[in-house]
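**Q** Just so it is clear, I am handing over input.cif, which has mmCIF, C-alpha atoms and all ligand atoms.
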data_run
#
loop_
_atom_site.label_atom_id
_atom_site.label_comp_id
_atom_site.auth_asym_id
_atom_site.auth_seq_id
_atom_site.Cartn_x
_atom_site.Cartn_y
_atom_site.Cartn_z
CA MET A 1 10.99 -45.91 -10.48
CA THR A 2 8.17 -44.01 -8.80
CA GLU A 3 5.74 -46.01 -6.68
CA TYR A 4 2.23 -44.61 -6.40
CA TRP A 5 -0.46 -45.04 -3.78
CA ASN A 6 -3.21 -44.67 -6.38
CA ALA A 7 -1.50 -44.86 -9.77
CA GLU A 8 -4.61 -44.21 -11.84
CA LEU A 9 -5.70 -41.01 -10.08
CA GLU A 10 -2.17 -39.75 -9.58
CA THR A 11 -1.11 -39.93 -13.23
CA LYS A 12 -4.38 -39.02 -15.01
CA PRO A 13 -4.22 -35.56 -16.64
CA TRP A 14 -5.25 -33.05 -13.96
CA SER A 15 -8.10 -31.64 -16.08
CA GLU A 16 -9.60 -35.14 -16.20
CA VAL A 17 -9.28 -35.53 -12.44
CA GLU A 18 -11.03 -32.19 -11.99
CA GLY A 19 -13.76 -33.23 -14.43
CA TRP A 20 -14.37 -36.41 -12.46
CA GLN A 21 -14.45 -34.41 -9.20
CA ALA A 22 -16.99 -31.97 -10.71
CA GLY A 23 -19.25 -34.95 -11.44
CA GLN A 24 -18.92 -36.15 -7.86
CA ILE A 25 -19.76 -32.67 -6.55
CA ALA A 26 -22.79 -32.34 -8.85
CA ALA A 27 -24.12 -35.64 -7.54
CA MET A 28 -23.43 -34.73 -3.92
CA LEU A 29 -24.92 -31.22 -3.71
CA PRO A 30 -28.68 -31.88 -3.85
CA ALA A 31 -28.41 -34.54 -1.14
CA LEU A 32 -26.16 -32.29 0.94
CA ARG A 33 -28.88 -29.65 1.08
CA GLN A 34 -31.15 -32.31 2.55
CA ARG A 35 -28.59 -33.53 5.07
CA SER A 36 -27.16 -30.22 6.31
CA ARG A 37 -29.35 -27.37 7.54
CA PHE A 38 -26.35 -25.09 7.19
CA TYR A 39 -25.94 -25.82 3.45
CA ALA A 40 -29.71 -25.76 2.88
CA ARG A 41 -29.53 -22.17 4.10
CA LEU A 42 -26.28 -21.14 2.41
CA HIS A 43 -27.34 -22.57 -0.96
CA ARG A 44 -30.97 -21.46 -0.74
CA ASP A 45 -30.65 -19.08 -3.68
CA ALA A 46 -31.90 -20.95 -6.77
CA SER A 47 -29.47 -19.22 -9.10
CA ILE A 48 -26.60 -21.31 -7.77
CA ARG A 49 -28.26 -24.61 -8.66
CA SER A 50 -26.89 -24.60 -12.16
CA THR A 51 -25.28 -27.62 -13.78
CA ILE A 52 -21.76 -28.40 -12.64
CA ARG A 53 -19.56 -29.92 -15.35
CA SER A 54 -16.18 -28.53 -14.32
CA LEU A 55 -14.71 -26.92 -11.21
CA ALA A 56 -15.14 -23.56 -12.98
CA ASP A 57 -18.90 -24.12 -12.59
CA LEU A 58 -18.46 -23.93 -8.81
CA ALA A 59 -17.81 -20.20 -9.07
CA PRO A 60 -21.44 -19.13 -8.39
CA LEU A 61 -21.51 -21.13 -5.14
CA PRO A 62 -20.86 -18.99 -2.07
CA PHE A 63 -17.70 -19.63 -0.06
CA THR A 64 -17.88 -21.33 3.32
CA LEU A 65 -15.96 -19.37 5.95
CA LYS A 66 -14.62 -20.44 9.30
CA ASP A 67 -17.07 -18.00 10.89
CA HIS A 68 -19.91 -19.89 9.20
CA LEU A 69 -18.74 -23.15 10.77
CA ARG A 70 -18.38 -21.42 14.12
CA ALA A 71 -21.93 -20.05 13.92
CA ALA A 72 -23.27 -23.44 12.78
CA GLN A 73 -21.86 -24.94 15.97
CA GLN A 74 -23.74 -22.49 18.17
CA THR A 75 -26.96 -24.37 17.52
CA THR A 76 -26.15 -27.72 19.06
CA ARG A 77 -28.72 -30.00 20.64
CA ALA A 78 -28.63 -33.45 22.20
CA ASP A 79 -28.95 -35.34 18.93
CA GLU A 80 -26.81 -32.81 17.04
CA PRO A 81 -23.76 -31.95 19.14
CA PHE A 82 -22.00 -30.77 15.94
CA GLY A 83 -24.72 -28.21 15.15
CA ASP A 84 -26.33 -27.18 11.86
CA ASN A 85 -23.68 -28.74 9.66
CA GLN A 86 -23.96 -32.19 11.23
CA ALA A 87 -24.93 -34.11 8.11
CA ALA A 88 -25.07 -37.63 9.59
CA THR A 89 -26.99 -39.10 12.51
CA LEU A 90 -25.34 -39.80 15.84
CA SER A 91 -25.85 -43.51 15.31
CA ASP A 92 -23.57 -43.30 12.25
CA ILE A 93 -20.97 -40.96 13.75
CA VAL A 94 -18.09 -42.79 15.42
CA GLN A 95 -15.53 -40.08 16.20
CA ALA A 96 -15.15 -36.40 16.99
CA ILE A 97 -12.00 -34.48 16.17
CA SER A 98 -11.24 -30.95 17.24
CA SER A 99 -9.30 -27.97 15.99
CA SER A 100 -6.41 -27.06 18.27
CA GLY A 101 -8.35 -24.02 19.48
CA THR A 102 -5.25 -21.83 19.77
CA THR A 103 -7.36 -18.90 18.57
CA GLY A 104 -10.56 -19.03 20.59
CA GLN A 105 -13.09 -21.77 21.10
CA PRO A 106 -12.22 -25.05 19.38
CA LEU A 107 -14.34 -26.31 16.50
CA TYR A 108 -15.43 -29.93 16.36
CA TYR A 109 -15.73 -32.18 13.34
CA ALA A 110 -17.39 -35.57 13.11
CA LEU A 111 -16.51 -38.76 11.27
CA THR A 112 -18.60 -41.75 10.31
CA GLN A 113 -16.87 -45.10 9.83
CA ARG A 114 -16.75 -44.40 6.08
CA ASP A 115 -15.21 -40.98 6.78
CA ILE A 116 -12.53 -42.63 8.90
CA GLU A 117 -11.71 -45.02 6.04
CA ARG A 118 -11.45 -42.08 3.63
CA PHE A 119 -9.26 -40.09 6.00
CA ALA A 120 -6.95 -43.05 6.53
CA ASP A 121 -6.65 -43.65 2.78
CA ALA A 122 -6.00 -39.99 1.93
CA ILE A 123 -3.52 -39.47 4.76
CA ALA A 124 -1.72 -42.73 3.96
CA HIS A 125 -1.52 -41.44 0.39
CA VAL A 126 0.29 -38.30 1.60
CA TRP A 127 2.70 -40.29 3.81
CA PHE A 128 3.34 -42.71 0.93
CA THR A 129 4.12 -39.85 -1.47
CA ALA A 130 6.43 -38.49 1.25
CA GLY A 131 8.28 -41.81 1.20
CA ILE A 132 6.90 -43.80 4.15
CA ARG A 133 6.79 -47.58 3.52
CA ARG A 134 5.70 -50.74 5.35
CA ASP A 135 9.10 -51.44 6.86
CA ASP A 136 9.44 -48.00 8.44
CA VAL A 137 9.33 -47.51 12.20
CA VAL A 138 7.61 -44.16 12.58
CA ALA A 139 7.75 -41.80 15.55
CA HIS A 140 4.49 -39.87 15.83
CA LEU A 141 4.95 -36.97 18.22
CA VAL A 142 1.57 -35.24 18.36
CA GLY A 143 0.43 -35.49 21.97
CA LEU A 144 -3.33 -35.07 21.67
CA PRO A 145 -5.33 -37.90 20.06
CA MET A 146 -8.38 -35.72 19.40
CA VAL A 147 -6.73 -33.07 17.22
CA ALA A 148 -6.47 -33.44 13.46
CA GLY A 149 -2.83 -34.50 13.73
CA GLY A 150 -3.62 -37.11 16.40
CA LEU A 151 -5.67 -40.21 15.59
CA PRO A 152 -6.14 -39.40 11.89
CA TYR A 153 -2.36 -39.17 11.30
CA ALA A 154 -1.81 -42.38 13.27
CA ASP A 155 -4.46 -44.16 11.16
CA GLY A 156 -2.62 -43.07 8.01
CA PHE A 157 0.67 -44.63 9.15
CA ARG A 158 -1.04 -47.87 10.15
CA ARG A 159 -2.89 -47.98 6.82
CA ILE A 160 0.47 -48.09 5.05
CA GLY A 161 1.53 -50.87 7.39
CA ALA A 162 4.39 -48.96 8.98
CA THR A 163 5.21 -49.57 12.66
CA LEU A 164 3.59 -46.73 14.55
CA CYS A 165 5.41 -45.58 17.70
CA TRP A 166 3.14 -42.99 19.26
CA LEU A 167 5.65 -41.15 21.42
CA GLY A 168 3.70 -37.87 21.57
CA GLY A 169 2.86 -36.91 25.12
CA PHE A 170 6.05 -38.18 26.76
CA PRO A 171 8.66 -35.69 27.97
CA THR A 172 10.98 -34.60 25.17
CA GLU A 173 14.05 -36.29 26.68
CA ARG A 174 12.25 -39.62 26.75
CA VAL A 175 10.93 -39.17 23.21
CA VAL A 176 14.42 -38.63 21.87
CA ARG A 177 15.89 -41.63 23.74
CA ASP A 178 12.99 -43.90 22.78
CA MET A 179 13.54 -42.98 19.16
CA ARG A 180 17.04 -44.45 19.43
CA ARG A 181 15.95 -47.55 21.35
CA LEU A 182 13.06 -48.34 19.00
CA ARG A 183 15.37 -47.90 15.98
CA VAL A 184 12.99 -45.29 14.56
CA THR A 185 13.58 -44.83 10.81
CA ALA A 186 11.06 -42.07 10.14
CA LEU A 187 9.77 -39.10 12.06
CA LEU A 188 6.80 -36.82 11.64
CA ALA A 189 7.66 -33.49 13.19
CA THR A 190 6.95 -29.79 13.10
CA THR A 191 9.76 -27.77 11.56
CA SER A 192 10.58 -26.41 15.05
CA PHE A 193 10.92 -29.88 16.54
CA ALA A 194 13.03 -31.10 13.63
CA GLN A 195 15.33 -28.12 14.17
CA TYR A 196 15.52 -28.87 17.88
CA LEU A 197 16.24 -32.53 17.27
CA ALA A 198 18.92 -31.68 14.71
CA GLN A 199 20.84 -29.93 17.47
CA ARG A 200 20.49 -32.68 20.07
CA TRP A 201 20.50 -35.88 18.01
CA SER A 202 24.19 -36.82 18.10
CA GLU A 203 24.54 -35.92 21.78
CA ILE A 204 21.62 -38.23 22.70
CA GLY A 205 23.14 -40.89 20.50
CA ARG A 206 26.34 -40.79 22.51
CA GLU A 207 24.34 -41.14 25.74
CA THR A 208 22.32 -44.15 24.59
CA GLY A 209 25.17 -45.76 22.68
CA ILE A 210 22.74 -46.71 19.91
CA PRO A 211 23.51 -45.58 16.36
CA SER A 212 20.89 -43.57 14.51
CA SER A 213 18.48 -45.45 12.24
CA LEU A 214 16.65 -42.26 11.31
CA LYS A 215 16.51 -41.83 7.54
CA LYS A 216 13.31 -39.93 6.80
CA VAL A 217 11.74 -36.79 8.24
CA ILE A 218 8.27 -35.61 7.32
CA GLY A 219 7.57 -32.02 8.23
CA GLY A 220 4.11 -30.71 8.85
CA GLY A 221 2.11 -28.32 10.94
CA GLU A 222 4.05 -25.16 10.19
CA PRO A 223 5.76 -23.64 7.18
CA GLY A 224 9.54 -23.30 6.96
CA LEU A 225 10.69 -26.36 5.04
CA GLY A 226 10.40 -24.35 1.83
CA GLN A 227 13.47 -22.48 3.08
CA PRO A 228 16.73 -24.11 1.86
CA GLU A 229 18.73 -22.97 4.93
CA ILE A 230 16.22 -24.46 7.36
CA ARG A 231 16.19 -27.68 5.34
CA ALA A 232 19.97 -27.86 5.23
CA GLY A 233 20.26 -27.36 8.99
CA ILE A 234 17.90 -30.24 9.71
CA GLN A 235 19.51 -32.51 7.12
CA GLN A 236 23.02 -31.88 8.46
CA GLY A 237 22.07 -32.28 12.14
CA LEU A 238 20.27 -35.56 11.51
CA ALA A 239 22.66 -36.81 8.82
CA LEU A 240 19.92 -37.55 6.30
CA THR A 241 18.68 -36.21 2.97
CA HIS A 242 15.08 -37.46 2.98
CA LEU A 243 13.08 -34.45 4.21
CA ARG A 244 9.54 -33.93 2.91
CA ASP A 245 7.04 -31.19 3.62
CA THR A 246 3.33 -31.97 4.08
CA MET A 247 0.21 -29.91 4.76
CA GLY A 248 -3.48 -30.36 5.52
CA LEU A 249 -6.32 -28.65 7.32
CA GLY A 250 -8.33 -30.04 10.23
CA ASP A 251 -11.53 -28.41 8.97
CA VAL A 252 -11.25 -30.36 5.70
CA LEU A 253 -8.81 -33.28 5.89
CA PRO A 254 -5.78 -33.23 8.19
CA SER A 255 -3.17 -34.08 5.55
CA MET A 256 -3.69 -33.45 1.83
CA TRP A 257 -0.39 -32.27 0.37
CA GLY A 258 2.95 -34.04 0.36
CA GLU A 259 6.33 -33.79 -1.33
CA CYS A 260 7.56 -36.50 -3.67
CA GLU A 261 11.15 -37.67 -4.10
CA LEU A 262 12.06 -34.46 -5.93
CA GLN A 263 11.50 -32.53 -2.67
CA ASP A 264 10.37 -29.45 -4.55
CA GLY A 265 6.86 -28.49 -3.49
CA MET A 266 3.88 -30.52 -2.25
CA HIS A 267 1.58 -32.51 -4.55
CA PHE A 268 -2.16 -32.63 -3.87
CA ASN A 269 -2.86 -36.18 -2.68
CA ALA A 270 -6.50 -35.96 -1.53
CA GLN A 271 -7.98 -35.89 -5.06
CA ARG A 272 -10.13 -38.96 -4.42
CA TYR A 273 -12.17 -37.14 -1.75
CA VAL A 274 -11.53 -33.40 -1.98
CA ALA A 275 -11.44 -30.86 -4.81
CA VAL A 276 -9.11 -27.89 -4.51
CA GLU A 277 -9.37 -24.47 -6.16
CA LEU A 278 -6.94 -21.58 -6.18
CA ILE A 279 -8.55 -18.15 -5.80
CA ALA A 280 -7.49 -14.51 -5.64
CA PRO A 281 -8.00 -13.68 -1.94
CA ASP A 282 -9.37 -10.19 -2.58
CA SER A 283 -11.79 -10.77 -5.47
CA GLY A 284 -12.56 -14.43 -4.78
CA GLU A 285 -12.01 -15.14 -8.47
CA GLN A 286 -10.75 -18.59 -9.52
CA LEU A 287 -7.17 -18.72 -10.73
CA PRO A 288 -5.68 -21.32 -13.08
CA TRP A 289 -2.97 -23.68 -11.76
CA ARG A 290 -0.03 -22.02 -13.46
CA ASP A 291 3.66 -22.10 -12.52
CA GLY A 292 4.40 -19.13 -10.28
CA ALA A 293 0.75 -18.31 -9.49
CA THR A 294 -0.14 -17.41 -5.91
CA GLY A 295 -3.52 -17.51 -4.24
CA GLU A 296 -5.66 -18.89 -1.44
CA LEU A 297 -6.60 -22.58 -1.36
CA VAL A 298 -10.33 -23.41 -1.35
CA TYR A 299 -11.57 -26.95 -0.67
CA THR A 300 -14.73 -28.94 -1.37
CA THR A 301 -15.23 -32.35 0.25
CA PHE A 302 -17.34 -34.48 -2.08
CA ALA A 303 -17.00 -37.67 -0.07
CA ARG A 304 -17.67 -36.72 3.51
CA ASP A 305 -20.67 -37.93 5.49
CA ALA A 306 -20.58 -36.11 8.78
CA THR A 307 -19.29 -32.53 8.54
CA PRO A 308 -18.77 -31.70 4.85
CA VAL A 309 -17.57 -28.36 3.45
CA VAL A 310 -18.20 -26.77 0.06
CA ARG A 311 -15.82 -24.10 -1.23
CA TYR A 312 -14.20 -23.72 2.16
CA ARG A 313 -11.73 -20.83 2.35
CA SER A 314 -8.64 -22.23 4.03
CA ARG A 315 -6.88 -18.86 4.55
CA ASP A 316 -3.74 -20.72 3.44
CA HIS A 317 -1.83 -18.90 0.73
CA ALA A 318 0.13 -21.00 -1.73
CA LEU A 319 2.72 -20.51 -4.43
CA VAL A 320 2.36 -22.91 -7.36
CA VAL A 321 5.85 -24.36 -7.78
CA GLY A 322 4.95 -26.52 -10.76
CA THR A 323 2.16 -28.20 -12.70
CA ARG A 324 4.32 -31.00 -14.09
CA CYS A 325 6.69 -33.25 -12.22
CA ALA A 326 9.36 -35.78 -13.16
CA CYS A 327 7.73 -38.24 -10.72
CA GLY A 328 4.75 -38.53 -13.09
CA ARG A 329 2.17 -37.18 -10.65
CA THR A 330 -0.17 -34.74 -12.34
CA SER A 331 -1.45 -32.77 -9.37
CA PRO A 332 -0.11 -29.24 -8.91
CA ARG A 333 2.86 -28.73 -6.61
CA ILE A 334 2.76 -25.90 -4.08
CA ARG A 335 4.53 -24.28 -1.20
CA CYS A 336 2.57 -22.66 1.61
CA ILE A 337 3.64 -19.02 1.82
CA GLY A 338 1.52 -18.01 4.81
CA ARG A 339 -1.91 -17.73 6.37
CA THR A 340 -4.31 -14.82 6.12
CA ASP A 341 -4.48 -14.92 9.93
CA ASP A 342 -0.74 -14.24 10.16
CA MET A 343 -0.65 -11.33 7.75
CA LEU A 344 0.76 -8.05 9.06
CA ILE A 345 0.06 -4.64 7.59
CA PHE A 346 2.78 -2.00 7.53
CA LYS A 347 1.36 1.34 6.36
CA GLY A 348 -1.08 -0.38 4.01
CA MET A 349 1.41 -2.96 2.73
CA ASN A 350 0.54 -6.60 3.41
CA VAL A 351 3.40 -8.82 4.51
CA PHE A 352 3.59 -12.38 5.77
CA PRO A 353 5.96 -12.89 8.71
CA SER A 354 7.26 -15.93 6.84
CA ALA A 355 8.26 -13.67 3.92
CA ILE A 356 10.44 -11.61 6.28
CA ARG A 357 11.96 -14.78 7.72
CA ASP A 358 12.59 -16.35 4.32
CA LEU A 359 14.26 -13.23 2.99
CA VAL A 360 16.50 -12.72 6.03
CA VAL A 361 17.43 -16.36 6.57
CA GLY A 362 18.09 -16.87 2.86
CA ARG A 363 19.99 -13.69 2.10
CA PHE A 364 22.10 -13.68 5.26
CA ALA A 365 22.76 -17.42 5.56
CA GLY A 366 26.03 -18.13 7.38
CA ARG A 367 25.83 -14.90 9.33
CA VAL A 368 22.45 -15.47 11.04
CA GLU A 369 20.84 -18.60 12.45
CA PRO A 370 17.53 -19.67 10.85
CA VAL A 371 15.69 -18.50 13.98
CA LEU A 372 13.81 -15.25 13.94
CA ARG A 373 10.97 -13.60 15.76
CA ILE A 374 8.80 -10.60 15.18
CA LEU A 375 7.53 -8.62 18.17
CA LYS A 376 4.13 -7.03 18.48
CA ASP A 377 2.43 -5.13 21.30
CA ARG A 378 -0.86 -7.00 21.53
CA GLN A 379 -2.15 -10.40 20.51
CA ASP A 380 -4.57 -8.82 18.04
CA GLN A 381 -2.13 -6.33 16.55
CA VAL A 382 -2.06 -6.55 12.77
CA ARG A 383 -1.23 -2.97 11.77
CA PHE A 384 2.16 -1.36 12.27
CA ASP A 385 2.80 2.34 11.73
CA ASP A 386 6.36 2.21 13.08
CA ALA A 387 9.13 -0.11 12.06
CA ILE A 388 8.33 -3.73 12.97
CA ASP A 389 10.71 -5.09 15.62
CA VAL A 390 12.57 -8.18 14.48
CA GLU A 391 15.01 -10.25 16.53
CA ILE A 392 17.48 -12.56 14.91
CA GLU A 393 20.43 -14.54 16.16
CA ALA A 394 23.99 -14.30 14.89
CA THR A 395 25.92 -17.45 14.09
CA GLU A 396 28.98 -18.44 16.15
CA ALA A 397 31.07 -17.36 13.18
CA LEU A 398 30.09 -13.72 13.61
CA ASP A 399 31.96 -11.58 16.17
CA ALA A 400 30.13 -9.09 18.37
CA ALA A 401 31.37 -6.00 16.57
CA PRO A 402 29.69 -6.37 13.17
CA ARG A 403 26.27 -7.26 14.63
CA ASP A 404 24.95 -3.70 14.45
CA ALA A 405 26.19 -3.25 10.93
CA LEU A 406 24.53 -6.52 10.00
CA ALA A 407 21.25 -5.34 11.57
CA ARG A 408 21.27 -2.21 9.40
CA GLU A 409 22.06 -4.30 6.33
CA ILE A 410 19.09 -6.59 7.03
CA GLU A 411 16.79 -3.61 7.54
CA ALA A 412 17.81 -2.21 4.17
CA ALA A 413 17.29 -5.55 2.43
CA VAL A 414 13.80 -6.02 3.88
CA ARG A 415 12.86 -2.47 2.98
CA SER A 416 13.94 -2.75 -0.62
CA GLN A 417 12.53 -6.25 -1.17
CA LEU A 418 9.26 -6.13 0.75
CA GLN A 419 8.61 -2.37 1.09
CA VAL A 420 8.32 -2.87 4.82
CA ARG A 421 10.37 -1.11 7.50
CA VAL A 422 11.81 -3.33 10.24
CA ALA A 423 14.01 -2.55 13.26
CA VAL A 424 16.42 -5.44 13.60
CA THR A 425 18.27 -6.59 16.71
CA VAL A 426 20.98 -9.17 16.09
CA SER A 427 21.48 -11.14 19.30
CA PRO A 428 24.42 -13.39 20.25
CA PRO A 429 24.17 -17.08 19.32
CA ASN A 430 21.77 -19.29 21.34
CA THR A 431 19.91 -16.45 23.03
CA LEU A 432 16.49 -16.67 21.37
CA PRO A 433 14.12 -19.21 22.95
CA ARG A 434 13.47 -22.35 20.94
CA GLY A 435 10.32 -24.36 21.52
CA THR A 436 10.25 -28.06 20.86
CA TYR A 437 6.82 -28.08 19.25
CA LYS A 438 6.16 -24.92 17.28
CA ASN A 439 8.20 -21.75 17.32
CA ALA A 440 5.90 -18.75 17.04
CA LEU A 441 7.24 -16.41 14.42
CA VAL A 442 5.32 -13.49 15.87
CA VAL A 443 5.25 -13.03 19.65
CA VAL A 444 3.64 -10.49 21.94
CA ARG A 445 6.19 -8.26 23.62
CA ASP A 446 4.83 -8.84 27.15
CA GLY A 447 5.53 -12.53 26.89
CA VAL A 448 9.06 -11.84 25.79
CA GLY A 449 10.67 -10.94 29.08
CA LYS A 450 12.96 -8.37 27.59
CA GLY A 451 11.75 -5.30 25.77
CA THR A 452 13.38 -4.22 22.56
CA ALA A 453 13.51 -0.60 21.62
ZN ZN B 1 6.56 -35.11 -7.99
#
When written as structure tokens, how does the structure in this file appear?
Ligand SMILES: [Zn+2]

**A**
Amino acid sequence: MTEYWNAELETKPWSEVEGWQAGQIAAMLPALRQRSRFYARLHRDASIRSTIRSLADLAPLPFTLKDHLRAAQQTTRADEPFGDNQAATLSDIVQAISSSGTTGQPLYYALTQRDIERFADAIAHVWFTAGIRRDDVVAHLVGLPMVAGGLPYADGFRRIGATLCWLGGFPTERVVRDMRRLRVTALLATTSFAQYLAQRWSEIGRETGIPSSLKKVIGGGEPGLGQPEIRAGIQQGLALTHLRDTMGLGDVLPSMWGECELQDGMHFNAQRYVAVELIAPDSGEQLPWRDGATGELVYTTFARDATPVVRYRSRDHALVVGTRCACGRTSPRIRCIGRTDDMLIFKGMNVFPSAIRDLVVGRFAGRVEPVLRILKDRQDQVRFDDAIDVEIEATEALDAAPRDALAREIEAAVRSQLQVRVAVTVSPPNTLPRGTYKNALVVVRDGVGKGTA
């Protein structure tokens, strides 16, 4: 029988949840324009102050973009270090969190004590949906407390009552041994780290002489778990079946989506604090939650004191896997299919690197390893006029001779499925670099060491 974190909200018809959220948003907006100079400005136009009875009524409100938040943080002063969108006083703010800042200057977000409680509840909700319970011993591997996956994730585990082992920050070898010694039963890891661990786990076990207690893996931080071959590799290497994908966004709430026991797409678990819309990325039009629909996720925080967002464009693109689930949860289930920031353009065709990976790894399973990288010339390169260079690794099972033939076969498959031309190199097994944290799917050629023609 399914256990829920918040049975009432999780099983109420989704239209009713959205109706309740619309009421919360309607009550929040006038005060928000008093608290945040940024939203006072963005919502200045009177025409958008119409009555909000459903999430459809949000449509006239302008979107909030990451660039807006960036600009709002240019205007900091001593009593407002978070800039124009600081909507609480310093005396009420108790914590700053930061974006990872991998693309430029990091953004900062603030939390009041109430915000921290809400984060902990929402994130615990995601971990609970993903199967974490009080008696779990959880390895938390994020090394930086200040990022969205740091303290907030840790608070979520402790809220459930699980035993938090914050191993992030130690050298990888130590992390893996400590996981054995502490009899870790559950692990939160990026897909890359889970893949890495799957390859090393039994070897480390032999060294420590301690049998594995690991039963549950929660993935997060990068896409890939939607891919059956990647899932299977991790499940086999770690000898477990419990593998759940999760997703959030530091700008909004660090973990909002999580997979239930059916392991078929992530439910929205932040409904108590955040409303989510699906929109067409080009027109900005709202889309209904319908099986098979794809669009960009847009979030509104209606219970956030310090740095709230209204209709924030996440740049995350999702596929709606289902709107009903045997677990009884009513929130839509999605898979993340890519980020706007990752999109490549081949002669006017948009393509997500993850779409290339998913096609190749799925179609050619058994002949190629689920490791692939796409090469570009410059960090900011988005457009390709020539075939996009793709490197993939053969499995041990494949002899050297058919590698070229396989490369041509992959090129043809990508061209016919995605209308994109790629130039594939199939390398021998274990030749592509594997990171332990996140494996970049797209890398700049200069950083590669070896050029590919
Ligand atoms: Zn479910």

**Q** Quick one: pull the distance between CA of Val420 in chain A and CA of Met349 in chain A, Å, one decimal.

**A** 7.2 Å

**Q** To one decimal in Å, tell me the separation between CA of Pro145 in chain A and CA of Gln86 in chain A.

**A**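 Result for CA of Pro145 in chain A versus CA of Gln86 in chain A: 21.4 Å, one decimal.
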
**Q** Hey, what's within 7 Å of Ile345 in chain A if we count all atoms listed in the file and toss same-chain stuff fewer than 6 positions away? As a PyMOL selection string, please?

**A** chain A and resi 351+382-384

**Q** Filtering to C-alpha atoms, could you give me those residues as a PDB file, in the coordinates of the input?

**A**
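File written: part_36.pdb
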ATOM      1  CA  VAL A 351       3.400  -8.820   4.510  1.00  0.00           C
ATOM      2  CA  VAL A 382      -2.060  -6.550  12.770  1.00  0.00           C
ATOM      3  CA  ARG A 383      -1.230  -2.970  11.770  1.00  0.00           C
ATOM      4  CA  PHE A 384       2.160  -1.360  12.270  1.00  0.00           C
TER       5      PHE A 384
END

**Q** Could you state the separation of CA of Leu164 in chain A and CA of Val176 in chain A in Å, given to one decimal place?

**A**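 Between these atoms lies a distance of 15.4 Å.
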
**Q** Counting all atoms listed in the file, which of A:Gly131, A:Gly219, A:Gly205, A:Gly23 gets nearest to ligand ZN 1 (chain B)?

**A** A:Gly131

**Q** Please identify every polymer residue within 9 Å of ligand ZN 1 (chain B), using all atoms listed in the file, and present the set as a PyMOL selection string.

**A** chain A and resi 129+259-267+324-333

**Q** Take the residues that were just selected and, keeping C-alpha atoms, output them as a PDB file, keeping the file's coordinate frame.

**A**
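The file below, selection.pdb, is the result:
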ATOM      1  CA  THR A 129       4.120 -39.850  -1.470  1.00  0.00           C
ATOM      2  CA  GLU A 259       6.330 -33.790  -1.330  1.00  0.00           C
ATOM      3  CA  CYS A 260       7.560 -36.500  -3.670  1.00  0.00           C
ATOM      4  CA  GLU A 261      11.150 -37.670  -4.100  1.00  0.00           C
ATOM      5  CA  LEU A 262      12.060 -34.460  -5.930  1.00  0.00           C
ATOM      6  CA  GLN A 263      11.500 -32.530  -2.670  1.00  0.00           C
ATOM      7  CA  ASP A 264      10.370 -29.450  -4.550  1.00  0.00           C
ATOM      8  CA  GLY A 265       6.860 -28.490  -3.490  1.00  0.00           C
ATOM      9  CA  MET A 266       3.880 -30.520  -2.250  1.00  0.00           C
ATOM     10  CA  HIS A 267       1.580 -32.510  -4.550  1.00  0.00           C
ATOM     11  CA  ARG A 324       4.320 -31.000 -14.090  1.00  0.00           C
ATOM     12  CA  CYS A 325       6.690 -33.250 -12.220  1.00  0.00           C
ATOM     13  CA  ALA A 326       9.360 -35.780 -13.160  1.00  0.00           C
ATOM     14  CA  CYS A 327       7.730 -38.240 -10.720  1.00  0.00           C
ATOM     15  CA  GLY A 328       4.750 -38.530 -13.090  1.00  0.00           C
ATOM     16  CA  ARG A 329       2.170 -37.180 -10.650  1.00  0.00           C
ATOM     17  CA  THR A 330      -0.170 -34.740 -12.340  1.00  0.00           C
ATOM     18  CA  SER A 331      -1.450 -32.770  -9.370  1.00  0.00           C
ATOM     19  CA  PRO A 332      -0.110 -29.240  -8.910  1.00  0.00           C
ATOM     20  CA  ARG A 333       2.860 -28.730  -6.610  1.00  0.00           C
TER      21      ARG A 333
END

**Q** Leaving out Arg304 in chain A and any residue of its chain fewer than 3 positions from it, which residues lie within 10 Å of it when counting all atoms listed in the file, given as number ranges by chain?

**A** A: 28, 32, 87-88, 110-112, 114-116, 118-119, 252-253, 273-274, 300-301, 307-309

**Q** Tell me which protein, DNA and RNA residues are within 8 Å of Asp135 in chain A, counting only C-alpha atoms, leaving out same-chain ones fewer than 2 positions away, and put them as a VMD selection string.

**A** chain A and resid 133 137 161 to 163

**Q** I'd like the neighbourhood of Leu398 in chain A as a list in words, where a residue qualifies if any of its atoms comes within 12 Å (using only C-alpha atoms), though same-chain residues fewer than 6 positions away should be ignored.

**A**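 Final neighbour list, sorted by chain and number: Phe364, Ala365, Gly366, Arg367, Val368, Glu369, Asp404, Ala405, Leu406, Val426, Ser427, Pro428 and Pro429 of chain A.
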
**Q** Can you write out as CSV which residues of range 322-408 of chain A fall within 9 Å of range 233-249 of chain A, alongside each residue's closest atom pair and its distance in Å to one decimal, counting all atoms listed in the file and ordering rows by chain and ascending residue number?

**A**
residue,atom,partner,partner_atom,distance
A:Arg335,CA,A:Asp245,CA,8.8
A:Cys336,CA,A:Met247,CA,8.2
A:Pro370,CA,A:Gly233,CA,8.4

**Q** Which residues are close to Ala120 in chain A, i.e. within 8 Å by only C-alpha atoms, leaving aside same-chain residues fewer than 2 positions away? Reply as an NGL selection string.

**A** :A and (116-118 or 122-124 or 152-153 or 155-156 or 159)

**Q** Which one of A:Gln419, A:Ser354, A:Ser98, A:Thr11 sits closest to Pro223 in chain A if you count all atoms listed in the file?

**A**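 Nearest candidate to Pro223 in chain A out of A:Gln419, A:Ser354, A:Ser98, A:Thr11: A:Ser354.
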